[in-house]
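K.L.:
Dropping in run-v8.txt, with compact mmCIF, C-alpha atoms.
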# COMPACT_ATOMS: atom_id res chain seq x y z
CA MET A 1 -71.55 4.91 -19.88
CA SER A 2 -74.35 4.62 -22.44
CA THR A 3 -75.92 7.64 -24.08
CA THR A 4 -79.23 8.61 -22.52
CA PRO A 5 -82.40 9.40 -24.51
CA ASP A 6 -82.08 13.03 -23.36
CA GLN A 7 -78.61 13.28 -24.86
CA LEU A 8 -79.75 11.67 -28.09
CA LEU A 9 -82.79 13.94 -28.25
CA ASP A 10 -80.45 16.89 -27.82
CA GLU A 11 -78.37 15.52 -30.70
CA LEU A 12 -81.42 15.14 -32.90
CA VAL A 13 -82.54 18.69 -32.19
CA GLY A 14 -79.03 19.88 -33.05
CA ARG A 15 -79.13 18.10 -36.40
CA TRP A 16 -82.58 19.44 -37.06
CA THR A 17 -81.68 23.05 -36.33
CA ARG A 18 -78.53 22.80 -38.44
CA GLY A 19 -80.47 21.32 -41.35
CA GLU A 20 -78.46 18.10 -41.29
CA PRO A 21 -79.84 14.64 -42.11
CA LEU A 22 -81.55 13.36 -38.96
CA ALA A 23 -80.41 9.73 -39.23
CA VAL A 24 -83.08 8.65 -36.75
CA ASP A 25 -82.29 4.96 -37.22
CA GLU A 26 -78.73 5.52 -36.09
CA LEU A 27 -79.92 7.34 -32.97
CA LEU A 28 -82.36 4.55 -32.15
CA THR A 29 -79.59 2.00 -32.46
CA ARG A 30 -77.42 3.99 -30.09
CA ALA A 31 -80.27 4.19 -27.58
CA GLY A 32 -80.13 0.40 -27.23
CA PRO A 33 -82.76 -0.91 -24.84
CA ARG A 34 -84.20 2.58 -24.46
CA SER A 35 -84.85 2.99 -28.18
CA ASP A 36 -88.64 2.85 -27.71
CA GLU A 37 -88.47 5.74 -25.28
CA LEU A 38 -86.32 7.75 -27.68
CA ALA A 39 -88.50 6.91 -30.68
CA THR A 40 -91.55 8.31 -28.93
CA LEU A 41 -89.69 11.54 -28.12
CA ILE A 42 -88.38 11.92 -31.65
CA ASP A 43 -91.78 11.27 -33.17
CA SER A 44 -93.39 13.81 -30.89
CA PHE A 45 -90.69 16.39 -31.58
CA LEU A 46 -90.98 16.07 -35.35
CA GLU A 47 -94.75 16.22 -35.19
CA ARG A 48 -94.55 19.57 -33.47
CA ALA A 49 -91.58 21.09 -35.22
CA PRO A 50 -92.07 23.15 -38.37
CA ARG A 51 -90.75 21.81 -41.62
CA ARG A 52 -87.26 22.72 -42.71
CA GLU A 53 -86.03 24.43 -45.81
CA PRO A 54 -85.77 21.82 -48.54
CA SER A 55 -82.28 20.42 -48.98
CA PRO A 56 -80.89 19.73 -52.47
CA GLU A 57 -80.93 16.01 -51.61
CA ALA A 58 -84.59 16.10 -50.62
CA LEU A 59 -85.47 18.02 -53.75
CA ALA A 60 -83.57 15.51 -55.88
CA PHE A 61 -85.49 12.70 -54.20
CA VAL A 62 -88.83 14.35 -54.89
CA HIS A 63 -87.86 14.71 -58.55
CA THR A 64 -87.45 10.94 -58.77
CA LEU A 65 -90.96 10.24 -57.51
CA ASP A 66 -92.36 9.85 -61.00
CA THR A 67 -89.96 6.97 -61.59
CA PRO A 68 -91.41 3.52 -60.77
CA PRO A 69 -90.44 2.69 -57.15
CA LEU A 70 -88.55 -0.53 -57.92
CA LEU A 71 -86.52 1.20 -60.58
CA ARG A 72 -85.85 4.05 -58.17
CA ALA A 73 -84.68 1.62 -55.50
CA ARG A 74 -82.27 -0.03 -57.93
CA GLN A 75 -80.94 3.31 -59.11
CA SER A 76 -80.44 4.50 -55.56
CA ARG A 77 -78.26 1.40 -54.96
CA LYS A 78 -76.38 2.24 -58.18
CA LEU A 79 -77.12 -1.24 -59.47
CA LYS A 80 -77.21 -1.86 -63.19
CA LEU A 81 -80.06 -4.00 -64.43
CA ASP A 82 -77.67 -6.77 -65.47
CA ASP A 83 -75.99 -6.74 -62.05
CA LEU A 84 -79.30 -7.08 -60.29
CA VAL A 85 -80.39 -9.87 -62.61
CA ALA A 86 -77.12 -11.71 -62.02
CA GLY A 87 -77.73 -11.42 -58.28
CA LEU A 88 -81.28 -12.68 -58.67
CA VAL A 89 -80.19 -15.69 -60.72
CA GLU A 90 -77.54 -16.55 -58.17
CA THR A 91 -79.72 -16.02 -55.11
CA LEU A 92 -82.59 -18.01 -56.58
CA GLY A 93 -80.24 -20.83 -57.59
CA LEU A 94 -81.20 -20.61 -61.26
CA PRO A 95 -78.97 -21.76 -64.11
CA GLN A 96 -77.00 -19.02 -65.84
CA ASP A 97 -78.87 -19.48 -69.11
CA ALA A 98 -82.10 -18.47 -67.37
CA ARG A 99 -80.68 -14.98 -67.09
CA ALA A 100 -82.30 -13.56 -70.24
CA LYS A 101 -85.73 -14.61 -69.13
CA VAL A 102 -85.24 -13.39 -65.59
CA ARG A 103 -84.04 -10.10 -67.00
CA ARG A 104 -87.16 -9.74 -69.16
CA TYR A 105 -89.55 -10.58 -66.34
CA TYR A 106 -87.76 -8.43 -63.79
CA GLN A 107 -87.72 -5.46 -66.12
CA GLU A 108 -91.44 -5.86 -66.70
CA LEU A 109 -91.96 -6.05 -62.95
CA GLU A 110 -89.84 -2.95 -62.42
CA LEU A 111 -91.81 -0.96 -64.99
CA GLY A 112 -95.17 -2.07 -63.66
CA GLN A 113 -95.93 -4.24 -66.69
CA LEU A 114 -95.98 -7.51 -64.77
CA ASP A 115 -98.54 -8.19 -62.06
CA PRO A 116 -96.62 -8.37 -58.77
CA ALA A 117 -99.37 -10.40 -57.12
CA GLY A 118 -98.14 -13.63 -58.71
CA VAL A 119 -94.46 -13.20 -57.92
CA ALA A 120 -93.08 -15.84 -55.56
CA VAL A 121 -92.01 -15.02 -52.03
CA SER A 122 -88.48 -16.24 -52.77
CA VAL A 123 -88.16 -13.54 -55.46
CA TRP A 124 -89.22 -10.83 -53.04
CA VAL A 125 -86.77 -12.12 -50.46
CA ALA A 126 -83.97 -12.14 -53.02
CA LEU A 127 -84.88 -8.65 -54.19
CA ALA A 128 -85.00 -7.37 -50.63
CA SER A 129 -81.45 -8.56 -50.07
CA LEU A 130 -80.27 -7.00 -53.34
CA LEU A 131 -82.11 -3.70 -53.01
CA GLY A 132 -82.00 -3.37 -49.25
CA ARG A 133 -85.70 -2.53 -49.35
CA ASP A 134 -89.04 -4.29 -49.13
CA ALA A 135 -89.38 -4.88 -52.85
CA ARG A 136 -92.88 -6.29 -52.48
CA GLY A 137 -94.13 -3.04 -51.02
CA LEU A 138 -92.30 -1.00 -53.65
CA ALA A 139 -93.90 -3.00 -56.44
CA GLY A 140 -97.32 -2.54 -54.89
CA ALA A 141 -97.91 -6.25 -54.37
CA PRO A 142 -100.46 -7.28 -51.75
CA LEU A 143 -99.17 -8.90 -48.60
CA PRO A 144 -99.62 -12.69 -48.58
CA ALA A 145 -102.82 -13.95 -46.97
CA VAL A 146 -102.16 -15.24 -43.49
CA SER A 147 -103.95 -18.56 -43.87
CA ALA A 148 -105.18 -18.75 -47.41
CA PRO A 149 -105.51 -22.42 -48.39
CA ALA A 150 -103.99 -23.57 -51.64
CA MET A 151 -106.67 -24.03 -54.29
CA TYR A 152 -106.33 -26.69 -56.95
CA ARG A 153 -108.50 -27.36 -59.93
CA LYS A 154 -108.61 -30.63 -61.73
CA ALA A 155 -107.35 -30.29 -65.29
CA ASN A 156 -109.90 -30.89 -67.99
CA PHE A 157 -108.08 -31.24 -71.27
CA ASP A 158 -110.58 -31.47 -74.02
CA ASP A 159 -109.83 -31.31 -77.69
CA ASP A 160 -110.64 -27.63 -78.03
CA LEU A 161 -108.30 -26.72 -75.27
CA LEU A 162 -105.52 -28.82 -76.76
CA ASP A 163 -106.07 -27.07 -80.09
CA THR A 164 -105.73 -23.77 -78.30
CA ILE A 165 -102.58 -24.49 -76.38
CA ALA A 166 -100.83 -26.71 -78.91
CA PRO A 167 -99.17 -23.84 -80.82
CA GLY A 168 -97.87 -22.36 -77.59
CA LEU A 169 -96.58 -25.70 -76.44
CA ALA A 170 -94.78 -26.22 -79.71
CA ARG A 171 -93.18 -22.80 -79.42
CA MET A 172 -92.10 -23.45 -75.86
CA MET A 173 -90.52 -26.74 -76.85
CA THR A 174 -88.43 -25.05 -79.52
CA GLU A 175 -87.31 -22.15 -77.30
CA PRO A 176 -83.67 -22.40 -76.35
CA SER A 177 -84.09 -21.19 -72.75
CA VAL A 178 -83.49 -23.64 -69.93
CA GLU A 179 -86.12 -24.45 -67.30
CA PRO A 180 -88.59 -21.80 -68.45
CA ASP A 181 -91.27 -23.27 -66.20
CA GLN A 182 -89.30 -22.52 -63.07
CA VAL A 183 -88.70 -18.90 -64.02
CA ASP A 184 -92.31 -18.53 -65.11
CA ARG A 185 -93.50 -19.85 -61.79
CA LEU A 186 -91.21 -17.56 -59.83
CA PHE A 187 -92.59 -14.52 -61.62
CA GLY A 188 -96.16 -15.74 -61.73
CA VAL A 189 -96.29 -15.89 -65.49
CA SER A 190 -98.62 -18.53 -66.80
CA SER A 191 -97.29 -18.76 -70.33
CA ALA A 192 -93.80 -18.44 -71.73
CA ASP A 193 -94.63 -16.13 -74.56
CA MET B 1 -85.43 36.70 -31.40
CA SER B 2 -88.26 37.02 -33.85
CA GLU B 3 -90.99 39.44 -32.92
CA LEU B 4 -93.63 37.07 -34.20
CA THR B 5 -95.80 35.27 -31.70
CA HIS B 6 -95.74 31.51 -31.74
CA SER B 7 -99.16 31.23 -33.34
CA SER B 8 -98.37 33.80 -36.00
CA MET B 9 -95.09 31.99 -36.78
CA ARG B 10 -97.03 28.80 -37.35
CA ASP B 11 -99.53 30.67 -39.47
CA ALA B 12 -96.69 32.20 -41.48
CA ARG B 13 -95.31 28.74 -42.20
CA ASP B 14 -98.71 27.46 -43.21
CA ALA B 15 -99.07 30.49 -45.46
CA GLU B 16 -95.72 29.70 -47.07
CA ASP B 17 -96.91 26.15 -47.73
CA ASN B 18 -100.08 27.55 -49.27
CA ARG B 19 -98.06 29.91 -51.42
CA LEU B 20 -95.99 27.01 -52.75
CA LEU B 21 -99.19 25.08 -53.43
CA GLU B 22 -100.80 27.97 -55.27
CA ASN B 23 -97.66 28.57 -57.33
CA GLY B 24 -97.43 24.90 -58.22
CA GLU B 25 -94.05 24.58 -56.52
CA ILE B 26 -95.09 21.24 -55.12
CA ASP B 27 -91.61 19.76 -55.40
CA LEU B 28 -90.23 22.41 -53.03
CA LEU B 29 -93.17 21.90 -50.70
CA LEU B 30 -92.77 18.15 -50.41
CA ALA B 31 -88.98 18.39 -50.22
CA GLY B 32 -89.38 20.71 -47.26
CA TRP B 33 -91.31 18.02 -45.43
CA TYR B 34 -89.05 15.15 -46.50
CA GLU B 35 -86.86 14.93 -43.38
CA THR B 36 -89.89 15.19 -41.12
CA ILE B 37 -91.60 12.37 -42.99
CA VAL B 38 -88.59 10.04 -42.94
CA GLY B 39 -87.73 10.87 -39.33
CA ARG B 40 -91.24 10.28 -38.04
CA CYS B 41 -91.75 7.10 -40.03
CA VAL B 42 -88.46 5.58 -38.85
CA ALA B 43 -89.26 6.57 -35.26
CA LYS B 44 -92.81 5.24 -35.39
CA MET B 45 -91.84 1.98 -37.10
CA ARG B 46 -88.79 1.62 -34.83
CA GLY B 47 -86.30 1.01 -37.59
CA PRO B 48 -85.34 0.95 -41.26
CA VAL B 49 -88.75 -0.33 -42.43
CA GLY B 50 -89.79 3.23 -41.69
CA GLU B 51 -87.89 4.29 -44.79
CA ASP B 52 -90.20 2.15 -46.90
CA VAL B 53 -93.20 3.67 -45.17
CA ALA B 54 -91.76 7.15 -45.74
CA GLN B 55 -91.35 6.33 -49.39
CA PHE B 56 -95.01 5.38 -49.55
CA VAL B 57 -96.01 8.59 -47.77
CA CYS B 58 -93.98 10.70 -50.18
CA GLU B 59 -95.39 8.87 -53.19
CA ARG B 60 -98.92 9.30 -51.96
CA LEU B 61 -98.51 12.98 -51.19
CA TRP B 62 -96.78 13.52 -54.52
CA ARG B 63 -99.64 11.85 -56.41
CA GLU B 64 -102.17 13.95 -54.55
CA LEU B 65 -100.26 17.17 -55.09
CA LYS B 66 -99.86 16.44 -58.78
CA ALA B 67 -103.58 15.78 -59.00
CA GLY B 68 -104.20 19.25 -57.64
CA ARG B 69 -105.44 18.16 -54.25
CA HIS B 70 -105.12 20.35 -51.13
CA ARG B 71 -104.94 23.59 -53.11
CA ASP B 72 -108.08 24.94 -51.52
CA GLY B 73 -106.10 25.64 -48.34
CA ARG B 74 -108.89 24.27 -46.22
CA TRP B 75 -106.41 22.19 -44.27
CA PRO B 76 -102.86 23.31 -43.60
CA PHE B 77 -100.54 21.05 -45.56
CA ARG B 78 -98.66 20.15 -42.37
CA VAL B 79 -101.86 18.60 -41.02
CA ILE B 80 -102.23 16.49 -44.14
CA VAL B 81 -98.59 15.40 -43.95
CA HIS B 82 -98.90 14.24 -40.35
CA GLN B 83 -102.21 12.56 -41.03
CA VAL B 84 -100.79 10.53 -43.92
CA ILE B 85 -97.76 9.57 -41.79
CA GLY B 86 -100.04 8.30 -39.03
CA PHE B 87 -102.25 6.46 -41.47
CA ALA B 88 -99.35 4.77 -43.25
CA CYS B 89 -97.54 3.74 -40.06
CA ARG B 90 -100.67 2.34 -38.45
CA GLY B 91 -101.71 0.39 -41.50
CA TRP B 92 -98.39 -0.77 -42.88
CA TYR B 93 -98.81 -4.41 -41.88
CA GLU B 94 -102.53 -4.63 -42.52
CA GLN B 95 -104.01 -6.42 -45.51
CA ARG B 96 -105.14 -4.23 -48.41
CA TRP B 97 -104.54 -1.15 -46.34
CA SER B 98 -103.10 0.90 -49.19
CA GLU B 99 -106.38 0.63 -51.05
CA LEU B 100 -108.18 2.55 -48.37
CA GLU B 101 -108.95 6.15 -49.08
CA LEU B 102 -107.74 8.50 -46.42
CA LEU B 103 -108.49 11.92 -47.70
CA GLU B 104 -111.66 12.76 -49.52
CA ALA B 105 -111.60 15.28 -52.31
CA ASP B 106 -112.91 18.10 -50.19
CA GLY B 107 -110.60 17.45 -47.29
CA PRO B 108 -110.16 15.04 -44.44
CA THR B 109 -112.80 14.34 -41.90
CA GLY B 110 -112.94 12.35 -38.72
CA ASP B 111 -112.31 12.91 -35.07
CA GLY B 112 -108.61 12.17 -35.23
CA PHE B 113 -108.13 14.69 -37.94
CA THR B 114 -109.99 17.43 -36.14
CA SER B 115 -107.86 16.99 -33.08
CA ASP B 116 -104.73 17.23 -35.23
CA VAL B 117 -105.93 20.47 -36.74
CA GLU B 118 -106.52 21.88 -33.33
CA LEU B 119 -103.12 20.80 -32.10
CA GLN B 120 -101.46 23.91 -30.77
CA LEU B 121 -98.47 22.11 -29.36
CA THR B 122 -95.87 23.67 -31.55
CA LEU B 123 -92.28 24.32 -30.60
CA GLU B 124 -93.13 27.98 -30.33
CA GLY B 125 -95.62 27.04 -27.66
CA PHE B 126 -92.94 25.17 -25.76
CA VAL B 127 -90.54 28.09 -25.93
CA ALA B 128 -93.25 30.44 -24.68
CA SER B 129 -93.84 28.16 -21.70
CA LEU B 130 -90.27 28.55 -20.42
CA PRO B 131 -89.05 31.19 -17.94
CA PRO B 132 -87.68 34.27 -19.75
CA GLY B 133 -83.95 33.49 -19.63
CA ASP B 134 -84.25 29.88 -20.77
CA GLY B 135 -87.00 30.88 -23.18
CA GLU B 136 -84.63 33.24 -24.97
CA VAL B 137 -82.00 30.52 -25.30
CA ALA B 138 -84.57 27.94 -26.40
CA GLY B 139 -86.01 30.33 -28.96
CA LEU B 140 -82.65 30.99 -30.56
CA TRP B 141 -81.75 27.31 -30.42
CA LEU B 142 -84.99 25.67 -31.50
CA LEU B 143 -86.66 28.34 -33.59
CA GLU B 144 -83.72 30.11 -35.17
CA GLY B 145 -81.30 27.20 -35.33
CA LEU B 146 -78.33 28.94 -33.69
CA GLU B 147 -75.44 27.04 -32.14
CA SER B 148 -74.62 27.56 -28.48
CA ASP B 149 -71.69 29.91 -29.14
CA GLN B 150 -73.82 31.98 -31.50
CA ILE B 151 -76.55 32.17 -28.88
CA ALA B 152 -74.02 33.32 -26.30
CA GLU B 153 -72.79 36.01 -28.63
CA ARG B 154 -76.30 37.15 -29.50
CA LEU B 155 -77.36 37.36 -25.86
CA GLY B 156 -74.04 38.68 -24.56
CA LYS B 157 -73.67 35.69 -22.24
CA GLN B 158 -70.82 33.36 -21.44
CA PRO B 159 -70.96 30.16 -23.56
CA ASN B 160 -71.07 28.14 -20.35
CA ALA B 161 -74.26 29.92 -19.32
CA VAL B 162 -75.87 28.87 -22.58
CA TYR B 163 -74.74 25.25 -22.11
CA GLN B 164 -76.23 25.31 -18.63
CA ALA B 165 -79.48 26.68 -20.00
CA ARG B 166 -79.62 23.92 -22.62
CA PHE B 167 -78.93 21.41 -19.88
CA ARG B 168 -82.10 22.68 -18.17
CA ILE B 169 -84.11 23.00 -21.36
CA VAL B 170 -83.69 19.43 -22.65
CA PRO B 171 -85.45 17.72 -19.72
CA ARG B 172 -88.22 20.31 -20.00
CA LEU B 173 -88.46 19.59 -23.70
CA ARG B 174 -88.67 15.91 -22.95
CA GLU B 175 -91.48 16.44 -20.42
CA TRP B 176 -93.33 18.56 -22.92
CA LEU B 177 -92.96 15.96 -25.66
CA GLU B 178 -94.21 13.25 -23.33
CA GLY B 179 -97.12 15.35 -22.17
Reformat the file's structure so that it appears as structure tokens.
P.N.:
Amino acid sequence: MSTTPDQLLDELVGRWTRGEPLAVDELLTRAGPRSDELATLIDSFLERAPRREPSPEALAFVHTLDTPPLLRARQSRKLKLDDLVAGLVETLGLPQDARAKVRRYYQELELGQLDPAGVAVSVWVALASLLGRDARGLAGAPLPAVSAPAMYRKANFDDDLLDTIAPGLARMMTEPSVEPDQVDRLFGVSSAD
Amino acid sequence: MSELTHSSMRDARDAEDNRLLENGEIDLLLAGWYETIVGRCVAKMRGPVGEDVAQFVCERLWRELKAGRHRDGRWPFRVIVHQVIGFACRGWYEQRWSELELLEADGPTGDGFTSDVELQLTLEGFVASLPPGDGEVAGLWLLEGLESDQIAERLGKQPNAVYQARFRIVPRLREWLEG
């Protein structure tokens, strides 16, 4: 016999009065096809119930709120930066020697020094699988436009422009990293410096 | 059972929130609301994405508290918490929603907010609506957080009588929540 919403509501109230974690997601899963019904009851209950005494865990969480959200998400998964980067490189199908560049860009993203708006969807998907969270939202990136057309501009290489970019091109050509363009594109970085 | 009336209990909790605000103990204040925020967001979003929404709500409230907002006590902090939860859950999938300003510097306005402020549907109100015997059990259970055996001991009843009372109370609670 499946557990009814009334029984699960009773369980939630018990957890709440005892000061235990509510684990609402677990209760919704157990409600099965009646999860909507239970969710409405739980929402209504919590809206009307007074707050609880702060638990040490909740207080510890609040004390992390000054940490950048992506960094906080990685720390909460107990992932070292190098482990996450290795996972990113593997998930994105990048060569191993792209790791240093991925590490640099990811760290900048994590610390809010890299604009998340240009980061490719595949990176967000990979990060979501590694962090177990919506990394795009954590980084504060806007949601993708539903039907935004791709915009292209015809290149216009004049001499001045070539003079401007030539030093950068020369530096890129002498850099030892492999496939920098691919990593740049994934992180929305327009130059490899 | 507490001698406080249900409205004065709510006022006492609001006053405690205000005290924490005035003393700058904003970490304790937000931590006290943490489970409510996560629980409501997961329930409203119907799943784990609610944890991301809750994170946003906590970050937003934390930023506002650190900026010294809400100290004037014009709005009970609980009202602000529930308003931000509703705002975040409704707008989570909308474009550019996080750029919208919800709360103005001198406090929230709008019809929805006013109705939230006036919401008297607290648990104390539910307990007061029950017949005396069940009301006593519900009060000790919901308001004082006692387990059934503790309630039985406190009221000098058989544990089975308390279980029976809870069996009657839960459907009433459900009706009240759906009302």
K.L.:
Could you please select, counting only C-alpha atoms, the residues of chain A within 7 Å of chain B and state them as a PyMOL selection string?
P.N.:
chain A and resi 6+10+17-18+22+24-25+39-49+51-54+58-59+62+65+133-134+142-143
K.L.:
For the atom pair atom CA of A:Leu9 and atom CA of B:Ile80, what is the interatomic distance in Å to one decimal place?
P.N.:
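Interatomic distance, atom CA of A:Leu9 to atom CA of B:Ile80: 25.2 Å.
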K.L.:
For atom CA of B:Ala54 and atom CA of A:Leu12, quote the distance in Å rounded to one decimal.
P.N.:
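According to the coordinates, atom CA of B:Ala54 and atom CA of A:Leu12 are separated by 18.3 Å.
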K.L.:
A:Val102: which residues within 7 Å, counting only C-alpha atoms, same-chain residues fewer than 4 positions away excluded, as a list in words?
P.N.:
Val85, Ala98, Tyr106 and Val183 of chain A
K.L.:
Which one of B:Glu22, B:Val57, B:Leu65, B:Leu155 sits closest to B:Gln83 if you count all atoms listed in the file?
P.N.:
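Of B:Glu22, B:Val57, B:Leu65, B:Leu155, the one nearest B:Gln83, counting all atoms listed in the file, is B:Val57.
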K.L.:
What is the distance between atom CA of A:Leu186 and atom CA of A:Val123, in Å to one decimal?
P.N.:
6.7 Å
K.L.:
Tell me which of A:Val125, A:Leu131, A:Leu138, A:Val13 sits closest to A:Gln75, counting all atoms listed in the file.
P.N.:
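Looking at the shortest contact to A:Gln75, the residue is A:Leu131.
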K.L.:
Between A:Val89, A:Gly137, A:Asp97, A:Pro68, which is the closest to A:Glu110 once you count only C-alpha atoms?
P.N.:
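Comparing A:Val89, A:Gly137, A:Asp97, A:Pro68 against A:Glu110, the winner is A:Pro68.
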K.L.:
Restricting the calculation to only C-alpha atoms: of A:Ala117, A:Ala139, A:Ala31, A:Ala126, which residue gets closest to A:Thr67?
P.N.:
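Of A:Ala117, A:Ala139, A:Ala31, A:Ala126, the one nearest A:Thr67 is A:Ala139, counting only C-alpha atoms.
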K.L.:
Just the residues within 12 Å of B:Gly133, please, counting only C-alpha atoms, with nothing from its chain fewer than 2 positions along; format it as a compact mmCIF listing (two decimals) with C-alpha atoms, in the coordinates of the input.
P.N.:
# COMPACT_ATOMS: atom_id res chain seq x y z
CA VAL B 127 -90.54 28.09 -25.93
CA ALA B 128 -93.25 30.44 -24.68
CA SER B 129 -93.84 28.16 -21.70
CA LEU B 130 -90.27 28.55 -20.42
CA PRO B 131 -89.05 31.19 -17.94
CA GLY B 135 -87.00 30.88 -23.18
CA GLU B 136 -84.63 33.24 -24.97
CA VAL B 137 -82.00 30.52 -25.30
CA ALA B 138 -84.57 27.94 -26.40
CA GLY B 139 -86.01 30.33 -28.96
CA LEU B 140 -82.65 30.99 -30.56
CA ILE B 151 -76.55 32.17 -28.88
CA ALA B 152 -74.02 33.32 -26.30
CA LEU B 155 -77.36 37.36 -25.86
CA LYS B 157 -73.67 35.69 -22.24
CA ALA B 161 -74.26 29.92 -19.32
CA VAL B 162 -75.87 28.87 -22.58
CA GLN B 164 -76.23 25.31 -18.63
CA ALA B 165 -79.48 26.68 -20.00
CA ARG B 166 -79.62 23.92 -22.62
CA ARG B 168 -82.10 22.68 -18.17
CA ILE B 169 -84.11 23.00 -21.36
K.L.:
Excluding A:Arg74 and residues on its chain fewer than 4 positions from it, collect all residues at most 9 Å away from it, counting only C-alpha atoms, and give them as number ranges by chain.
P.N.:
A: 69-70, 78-81, 84, 130-131
K.L.:
Counting only C-alpha atoms, which residue out of B:Arg172, B:Ala12, B:Phe77, B:Cys89 sits closest to B:Leu61?
P.N.:
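Among B:Arg172, B:Ala12, B:Phe77, B:Cys89, it is B:Phe77 that comes nearest to B:Leu61.
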K.L.:
Counting only C-alpha atoms, which residue out of A:Ser55, A:Pro33, A:Gln7, A:Arg99 sits closest to A:Gly19?
P.N.:
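The shortest atom-to-atom distance to A:Gly19 comes from A:Ser55.
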